[in-house]
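K.L.:
My structure file run-v2.tsv, TSV, C-alpha atoms, is below:
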chain	number	residue	atom	x	y	z
A	1442	MET	CA	115.68	131.48	124.06
A	1443	ASN	CA	114.36	134.98	124.51
A	1444	VAL	CA	113.35	135.96	128.01
A	1445	VAL	CA	110.90	138.83	128.40
A	1446	THR	CA	112.15	141.38	130.88
A	1447	MET	CA	110.15	143.86	132.91
A	1448	ALA	CA	109.85	147.31	131.34
A	1449	ASP	CA	111.77	150.03	133.09
A	1450	SER	CA	112.33	153.68	132.21
A	1451	THR	CA	116.08	153.21	132.66
A	1452	ASP	CA	116.30	150.23	130.31
A	1453	VAL	CA	117.79	150.42	126.88
A	1454	ALA	CA	116.17	148.27	124.22
A	1455	ALA	CA	117.80	144.88	123.72
A	1456	GLY	CA	120.74	145.17	121.36
A	1457	GLY	CA	123.09	142.82	119.58
A	1458	PRO	CA	126.42	141.11	120.23
A	1459	GLN	CA	128.04	144.19	121.79
A	1460	ARG	CA	125.36	144.42	124.48
A	1461	GLU	CA	125.73	140.68	125.11
A	1462	ARG	CA	129.50	141.10	125.53
A	1463	ILE	CA	128.97	143.89	128.07
A	1464	ILE	CA	126.51	141.79	130.08
A	1465	ALA	CA	128.88	138.79	129.96
A	1466	ALA	CA	131.76	140.99	131.15
A	1467	ALA	CA	129.61	142.30	134.01
A	1468	ALA	CA	128.79	138.74	135.07
A	1469	ALA	CA	132.46	137.75	134.95
A	1470	LEU	CA	133.49	140.79	137.02
A	1471	THR	CA	130.74	140.10	139.54
A	1472	THR	CA	131.84	136.51	140.06
A	1473	ARG	CA	135.51	137.51	140.21
A	1474	SER	CA	135.43	140.62	142.35
A	1475	GLY	CA	131.84	141.25	143.48
A	1476	TRP	CA	129.14	143.55	142.14
A	1477	ALA	CA	130.55	146.58	143.93
A	1478	SER	CA	133.64	146.34	141.72
A	1479	VAL	CA	131.60	146.65	138.53
A	1480	THR	CA	131.76	150.15	137.06
A	1481	MET	CA	130.93	151.41	133.59
A	1482	SER	CA	134.57	152.46	133.12
A	1483	ARG	CA	135.88	149.06	134.11
A	1484	LEU	CA	133.35	147.34	131.85
A	1485	ALA	CA	134.42	149.57	128.97
A	1486	ASP	CA	138.04	148.50	129.52
A	1487	GLU	CA	137.07	144.82	129.74
A	1488	VAL	CA	135.06	144.90	126.52
A	1489	GLY	CA	137.30	147.33	124.65
A	1490	VAL	CA	134.75	150.08	124.03
A	1491	SER	CA	134.16	153.59	125.32
A	1492	ARG	CA	132.33	154.23	128.57
A	1493	GLN	CA	129.67	156.11	126.60
A	1494	THR	CA	129.09	153.01	124.49
A	1495	VAL	CA	128.42	151.01	127.66
A	1496	TYR	CA	125.88	153.61	128.78
A	1497	ASN	CA	124.28	153.66	125.34
A	1498	GLU	CA	123.95	149.88	125.23
A	1499	ILE	CA	122.92	149.26	128.83
A	1500	GLY	CA	121.78	152.44	130.58
A	1501	THR	CA	122.28	152.66	134.33
A	1502	LYS	CA	124.01	150.23	136.65
A	1503	PRO	CA	120.66	149.00	138.08
A	1504	ALA	CA	119.55	148.31	134.50
A	1505	LEU	CA	122.79	146.37	133.99
A	1506	ALA	CA	122.09	144.27	137.07
A	1507	LYS	CA	118.62	143.43	135.84
A	1508	ALA	CA	119.90	142.56	132.36
A	1509	MET	CA	122.63	140.38	133.85
A	1510	VAL	CA	120.27	138.45	136.12
A	1511	HIS	CA	117.61	138.01	133.42
A	1512	ASP	CA	120.29	136.80	131.01
A	1513	GLU	CA	121.33	134.17	133.54
A	1514	LEU	CA	117.70	133.21	134.10
A	1515	GLY	CA	117.49	132.57	130.36
A	1516	ARG	CA	120.22	129.96	130.65
A	1517	PHE	CA	118.25	128.10	133.33
A	1518	LEU	CA	114.99	128.31	131.40
A	1519	SER	CA	116.68	126.94	128.28
A	1520	VAL	CA	117.40	123.82	130.35
A	1521	VAL	CA	113.70	123.58	131.16
A	1522	ASP	CA	112.80	123.91	127.48
A	1523	LYS	CA	115.30	121.22	126.53
A	1524	ALA	CA	113.87	118.80	129.11
A	1525	PHE	CA	110.31	119.26	127.85
A	1526	ASP	CA	111.45	118.94	124.24
A	1527	GLU	CA	113.07	115.61	125.08
A	1528	HIS	CA	109.96	114.29	126.89
A	1529	PRO	CA	106.99	115.62	124.89
A	1530	ASP	CA	104.62	112.84	125.98
A	1531	ASP	CA	105.67	112.27	129.61
A	1532	LEU	CA	105.09	115.21	131.94
A	1533	ILE	CA	106.67	113.64	135.00
A	1534	ALA	CA	109.78	112.64	133.04
A	1535	ALA	CA	109.98	116.20	131.69
A	1536	ILE	CA	109.67	117.68	135.17
A	1537	THR	CA	112.29	115.28	136.53
A	1538	ALA	CA	114.75	116.13	133.75
A	1539	ALA	CA	114.06	119.86	134.04
A	1540	VAL	CA	114.60	119.95	137.80
A	1541	ARG	CA	117.75	117.83	137.61
A	1542	GLY	CA	119.15	119.96	134.79
A	1543	VAL	CA	118.44	123.22	136.59
A	1544	LEU	CA	120.03	122.01	139.80
A	1545	GLU	CA	123.08	120.63	137.98
A	1546	LEU	CA	123.55	123.97	136.26
A	1547	ALA	CA	123.19	125.76	139.59
A	1548	GLU	CA	125.90	123.62	141.23
A	1549	GLY	CA	128.74	125.06	139.19
A	1550	ASN	CA	127.26	128.48	138.47
A	1551	THR	CA	129.67	131.06	139.85
A	1552	LEU	CA	127.36	134.01	139.15
A	1553	LEU	CA	124.56	132.32	141.05
A	1554	HIS	CA	126.95	131.76	143.97
A	1555	ALA	CA	127.76	135.49	143.92
A	1556	ILE	CA	124.04	136.29	143.97
A	1557	VAL	CA	123.45	133.87	146.84
A	1558	SER	CA	126.28	135.57	148.71
A	1559	ALA	CA	124.48	138.87	148.18
A	1560	THR	CA	121.31	137.47	149.73
A	1561	HIS	CA	123.42	136.54	152.76
A	1562	GLY	CA	124.61	140.10	153.13
A	1563	ALA	CA	127.99	139.83	151.43
A	1564	ASP	CA	127.13	142.42	148.79
A	1565	THR	CA	124.86	145.14	150.12
A	1566	GLU	CA	124.70	146.91	146.76
A	1567	LEU	CA	123.47	143.93	144.73
A	1568	LEU	CA	120.91	142.65	147.24
A	1569	PRO	CA	118.36	145.48	146.81
A	1570	LEU	CA	118.53	145.08	143.03
A	1571	ILE	CA	117.80	141.35	143.31
A	1572	THR	CA	114.89	141.79	145.69
A	1573	THR	CA	113.42	144.61	143.60
A	1574	HIS	CA	113.23	142.42	140.50
A	1575	ALA	CA	112.53	139.08	142.21
A	1576	GLU	CA	108.84	139.12	141.26
A	1577	SER	CA	109.69	139.80	137.62
A	1578	LEU	CA	112.13	136.87	137.57
A	1579	LEU	CA	109.60	134.58	139.24
A	1580	SER	CA	106.85	135.61	136.83
A	1581	THR	CA	109.08	134.94	133.84
A	1582	ALA	CA	110.01	131.48	135.13
A	1583	LYS	CA	106.39	130.58	135.90
A	1584	ALA	CA	105.26	131.73	132.45
A	1585	VAL	CA	107.79	129.47	130.73
A	1586	VAL	CA	106.87	126.44	132.86
A	1587	ALA	CA	103.15	127.09	132.35
A	1588	ASP	CA	103.60	127.29	128.57
A	1589	ARG	CA	105.41	123.95	128.57
A	1590	MET	CA	102.87	122.22	130.83
A	1591	ARG	CA	99.72	123.57	129.17
A	1592	PRO	CA	99.79	121.16	126.19
A	1593	PHE	CA	99.41	118.22	128.58
A	1594	ARG	CA	95.80	119.34	129.22
A	1595	LEU	CA	95.64	118.59	132.92
A	1596	SER	CA	92.22	118.35	134.56
A	1597	PHE	CA	92.60	121.55	136.57
A	1598	THR	CA	90.80	124.81	136.84
A	1599	ALA	CA	92.83	127.89	135.88
A	1600	TRP	CA	93.32	128.71	139.57
A	1601	GLU	CA	94.51	125.18	140.38
A	1602	PHE	CA	96.89	125.19	137.41
A	1603	ASP	CA	98.42	128.52	138.44
A	1604	ALA	CA	98.75	127.33	142.06
A	1605	ALA	CA	100.51	124.13	140.96
A	1606	ILE	CA	102.96	126.05	138.74
A	1607	ASP	CA	103.68	128.59	141.46
A	1608	THR	CA	104.38	125.85	144.00
A	1609	VAL	CA	106.67	123.82	141.75
A	1610	VAL	CA	108.70	126.86	140.65
A	1611	ARG	CA	109.12	128.13	144.21
A	1612	VAL	CA	110.18	124.71	145.51
A	1613	VAL	CA	112.79	124.34	142.76
A	1614	LEU	CA	114.03	127.88	143.38
A	1615	SER	CA	114.45	127.14	147.08
A	1616	HIS	CA	116.67	124.16	146.22
A	1617	VAL	CA	118.64	126.26	143.74
A	1618	MET	CA	119.38	128.78	146.46
A	1619	GLN	CA	119.94	126.24	149.25
A	1620	PRO	CA	120.44	122.62	148.08
A	1621	SER	CA	119.49	119.84	150.47
A	1622	GLY	CA	120.67	116.88	148.40
A	1623	SER	CA	122.08	115.89	145.04
A	1624	PRO	CA	120.31	117.10	141.87
A	1625	GLU	CA	119.19	113.52	141.16
A	1626	GLU	CA	117.74	113.02	144.64
A	1627	THR	CA	116.00	116.38	144.71
A	1628	ALA	CA	114.60	115.91	141.20
A	1629	ALA	CA	113.16	112.54	142.22
A	1630	ASP	CA	111.60	114.06	145.35
A	1631	ILE	CA	109.99	116.94	143.46
A	1632	ALA	CA	108.81	114.60	140.69
A	1633	TRP	CA	107.11	112.41	143.31
A	1634	ILE	CA	105.31	115.45	144.72
A	1635	ALA	CA	104.39	116.63	141.23
A	1636	ARG	CA	102.93	113.24	140.35
A	1637	ARG	CA	100.77	113.32	143.51
A	1638	VAL	CA	99.54	116.83	142.76
A	1639	LEU	CA	99.08	116.59	138.99
A	1640	PHE	CA	97.65	113.07	138.83
A	1641	PRO	CA	95.68	112.60	142.10
Let's see the structure in the file written out as C-alpha cells.

P.N.:
Amino acid sequence: MNVVTMADSTDVAAGGPQRERIIAAAAALTTRSGWASVTMSRLADEVGVSRQTVYNEIGTKPALAKAMVHDELGRFLSVVDKAFDEHPDDLIAAITAAVRGVLELAEGNTLLHAIVSATHGADTELLPLITTHAESLLSTAKAVVADRMRPFRLSFTAWEFDAAIDTVVRVVLSHVMQPSGSPEETAADIAWIARRVLFP
C-alpha cells in the first residue's frame, strides 16, 4: 500500500526499486549496528551504487530516517488493511484481527526494537528524528483506520468519530511500544473497549 508522507524541502520524490533498496539497506544497518552507523557512503557500499546516487535518490540523512520509518509504518498499515478486507461486515472482528496482526508483527520487528531503544536513549541521533515526525506518522495511521471504519456508518458526530479513532490508534501504539500481554490478549481487551465505545 502507498503511505502518504509529510512534505519536506529535503525530501526527494518517491522513486523506484533502487530507492526501495537503499531504504531497506538503511533499515538493516540500523537494526544491526544502530542509526549512528548509517552513512551515505556505507549505504552506497551496501547497495552497490555511488554515494551520489544515494543522495540523488534519498536526499539528506534526516530524509532517509523519515523514509525508513514511513516505509515500516506502511508494513503495519497493510496488516490493518488485510484485517478489514477479511472482515468487511464485522467491525469488531476487523478491529480484533487488525490489533492482533499489528502486535504480532511488532513482536519480531527488529527495526521497531531499534526505534524503541532510541526512545529509551540508546540512540541520541535517531530520537529527535522520530519525535519530529511522530505527528505525521500518527496522522497517517489515523487516516488509514478512519477510511476503513467509515463504511460502517457509525452513529457518531464527526468529532466523536475522530476522537474514537484517535483513542484506538494511540492505545494500540502504546502496546506496540510497550506490550503488556500477548497479542491475542491485548487484541481481545482493545476489542472489548471498542465494542463499548462504538456500540453503546

K.L.:
Could you tell me which of A:Leu1579, A:Ala1524, A:Val1479, A:Ile1464 comes closest to A:Lys1507 if we count all atoms listed in the file?

P.N.:
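Nearest to A:Lys1507: A:Ile1464.
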
K.L.:
Under the rule that only C-alpha atoms are counted, which of A:Leu1639, A:Ile1536, A:Ala1582, A:Leu1470 is the nearest residue to A:Arg1594?

P.N.:
A:Leu1639

K.L.:
Between A:Val1638, A:Leu1552, A:Gly1542, A:Arg1460, which is the closest to A:Trp1476 once you count only C-alpha atoms?

P.N.:
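Of all the options, A:Leu1552 lies closest to A:Trp1476.
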
K.L.:
Would you please work out which residue, of A:Thr1627, A:His1616, A:Ser1474, A:Val1510, is nearest to A:Ala1538 when using all atoms listed in the file?

P.N.:
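Closest to A:Ala1538 of all the choices is A:Thr1627.
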
K.L.:
Mind listing whatever residues come within 12 Å of the point (128.2, 141.6, 127.2)? Use all atoms listed in the file, file coordinates, and give them as a ChimeraX atom specification.

P.N.:
/A:1455-1470,1484-1485,1487-1490,1494-1495,1498-1499,1505-1506,1508-1509,1512-1513

K.L.:
Which residue, A:His1511, A:Lys1523, A:Lys1502, A:His1528, has the smallest gap to A:Thr1581 when you use only C-alpha atoms?

P.N.:
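Using only C-alpha atoms, A:Thr1581 sits closest to A:His1511.
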
K.L.:
Residues near A:Met1590, anyone? I mean within 10 Å using all atoms listed in the file, not counting same-chain ones fewer than 5 positions away, as a ChimeraX atom specification.

P.N.:
/A:1525,1529,1532,1535-1536,1584-1585,1595,1602,1606

K.L.:
Between A:Phe1640, A:Asp1530, A:Gly1549, A:Val1540, which one has atoms that come closest to A:Pro1592, using only C-alpha atoms?

P.N.:
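Result for the nearest residue to A:Pro1592: A:Asp1530.
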
K.L.:
What is the distance between atom CA of A:Val1609 and atom CA of A:Thr1551, in Å to one decimal?

P.N.:
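Taking atom CA of A:Val1609 and atom CA of A:Thr1551, their separation equals 24.2 Å.
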
K.L.:
Would you kindly return, as a VMD selection string, each protein, DNA or RNA residue with an atom no farther than 9 Å from any atom of A:Met1481, considering all atoms listed in the file and excluding same-chain residues fewer than 5 positions away?

P.N.:
chain A and resid 1486 1492 to 1493 1495 to 1496 1501 to 1502

K.L.:
Distance atom CA of A:Pro1503-atom CA of A:Arg1611, one decimal place?

P.N.:
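Straight-line distance from atom CA of A:Pro1503 to atom CA of A:Arg1611 works out to 24.6 Å.
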
K.L.:
What lies within 10 Å of A:Ile1631 using all atoms listed in the file, ignoring chain neighbours under 2 positions off, as a ChimeraX atom specification?

P.N.:
/A:1533,1536-1537,1540-1541,1609,1612-1613,1626-1629,1633-1637

K.L.:
Keeping C-alpha atoms for every residue in the selection just given, could you write it to a file as an mmCIF file, in the coordinates of the input?

P.N.:
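Final file, out-v6.cif:
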data_model
loop_
_atom_site.group_PDB
_atom_site.id
_atom_site.type_symbol
_atom_site.label_atom_id
_atom_site.label_comp_id
_atom_site.auth_asym_id
_atom_site.auth_seq_id
_atom_site.Cartn_x
_atom_site.Cartn_y
_atom_site.Cartn_z
ATOM 1 C CA ILE A 1533 106.670 113.640 135.000
ATOM 2 C CA ILE A 1536 109.670 117.680 135.170
ATOM 3 C CA THR A 1537 112.290 115.280 136.530
ATOM 4 C CA VAL A 1540 114.600 119.950 137.800
ATOM 5 C CA ARG A 1541 117.750 117.830 137.610
ATOM 6 C CA VAL A 1609 106.670 123.820 141.750
ATOM 7 C CA VAL A 1612 110.180 124.710 145.510
ATOM 8 C CA VAL A 1613 112.790 124.340 142.760
ATOM 9 C CA GLU A 1626 117.740 113.020 144.640
ATOM 10 C CA THR A 1627 116.000 116.380 144.710
ATOM 11 C CA ALA A 1628 114.600 115.910 141.200
ATOM 12 C CA ALA A 1629 113.160 112.540 142.220
ATOM 13 C CA TRP A 1633 107.110 112.410 143.310
ATOM 14 C CA ILE A 1634 105.310 115.450 144.720
ATOM 15 C CA ALA A 1635 104.390 116.630 141.230
ATOM 16 C CA ARG A 1636 102.930 113.240 140.350
ATOM 17 C CA ARG A 1637 100.770 113.320 143.510
#

K.L.:
How many Å lie between atom CA of A:Thr1472 and atom CA of A:Asp1522, rounded to one decimal?

P.N.:
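About the pair atom CA of A:Thr1472 and atom CA of A:Asp1522: they are 26.1 Å apart.
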
K.L.:
Quick one: residues within 6 Å of (105.2, 127.8, 136.8) (file frame), counting all atoms listed in the file, please, as a list of chain:residue names.

P.N.:
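Residues satisfying the cut-off, written out: A:Lys1583, A:Ala1584, A:Val1586, A:Ala1587, A:Ile1606, A:Asp1607, A:Val1610.
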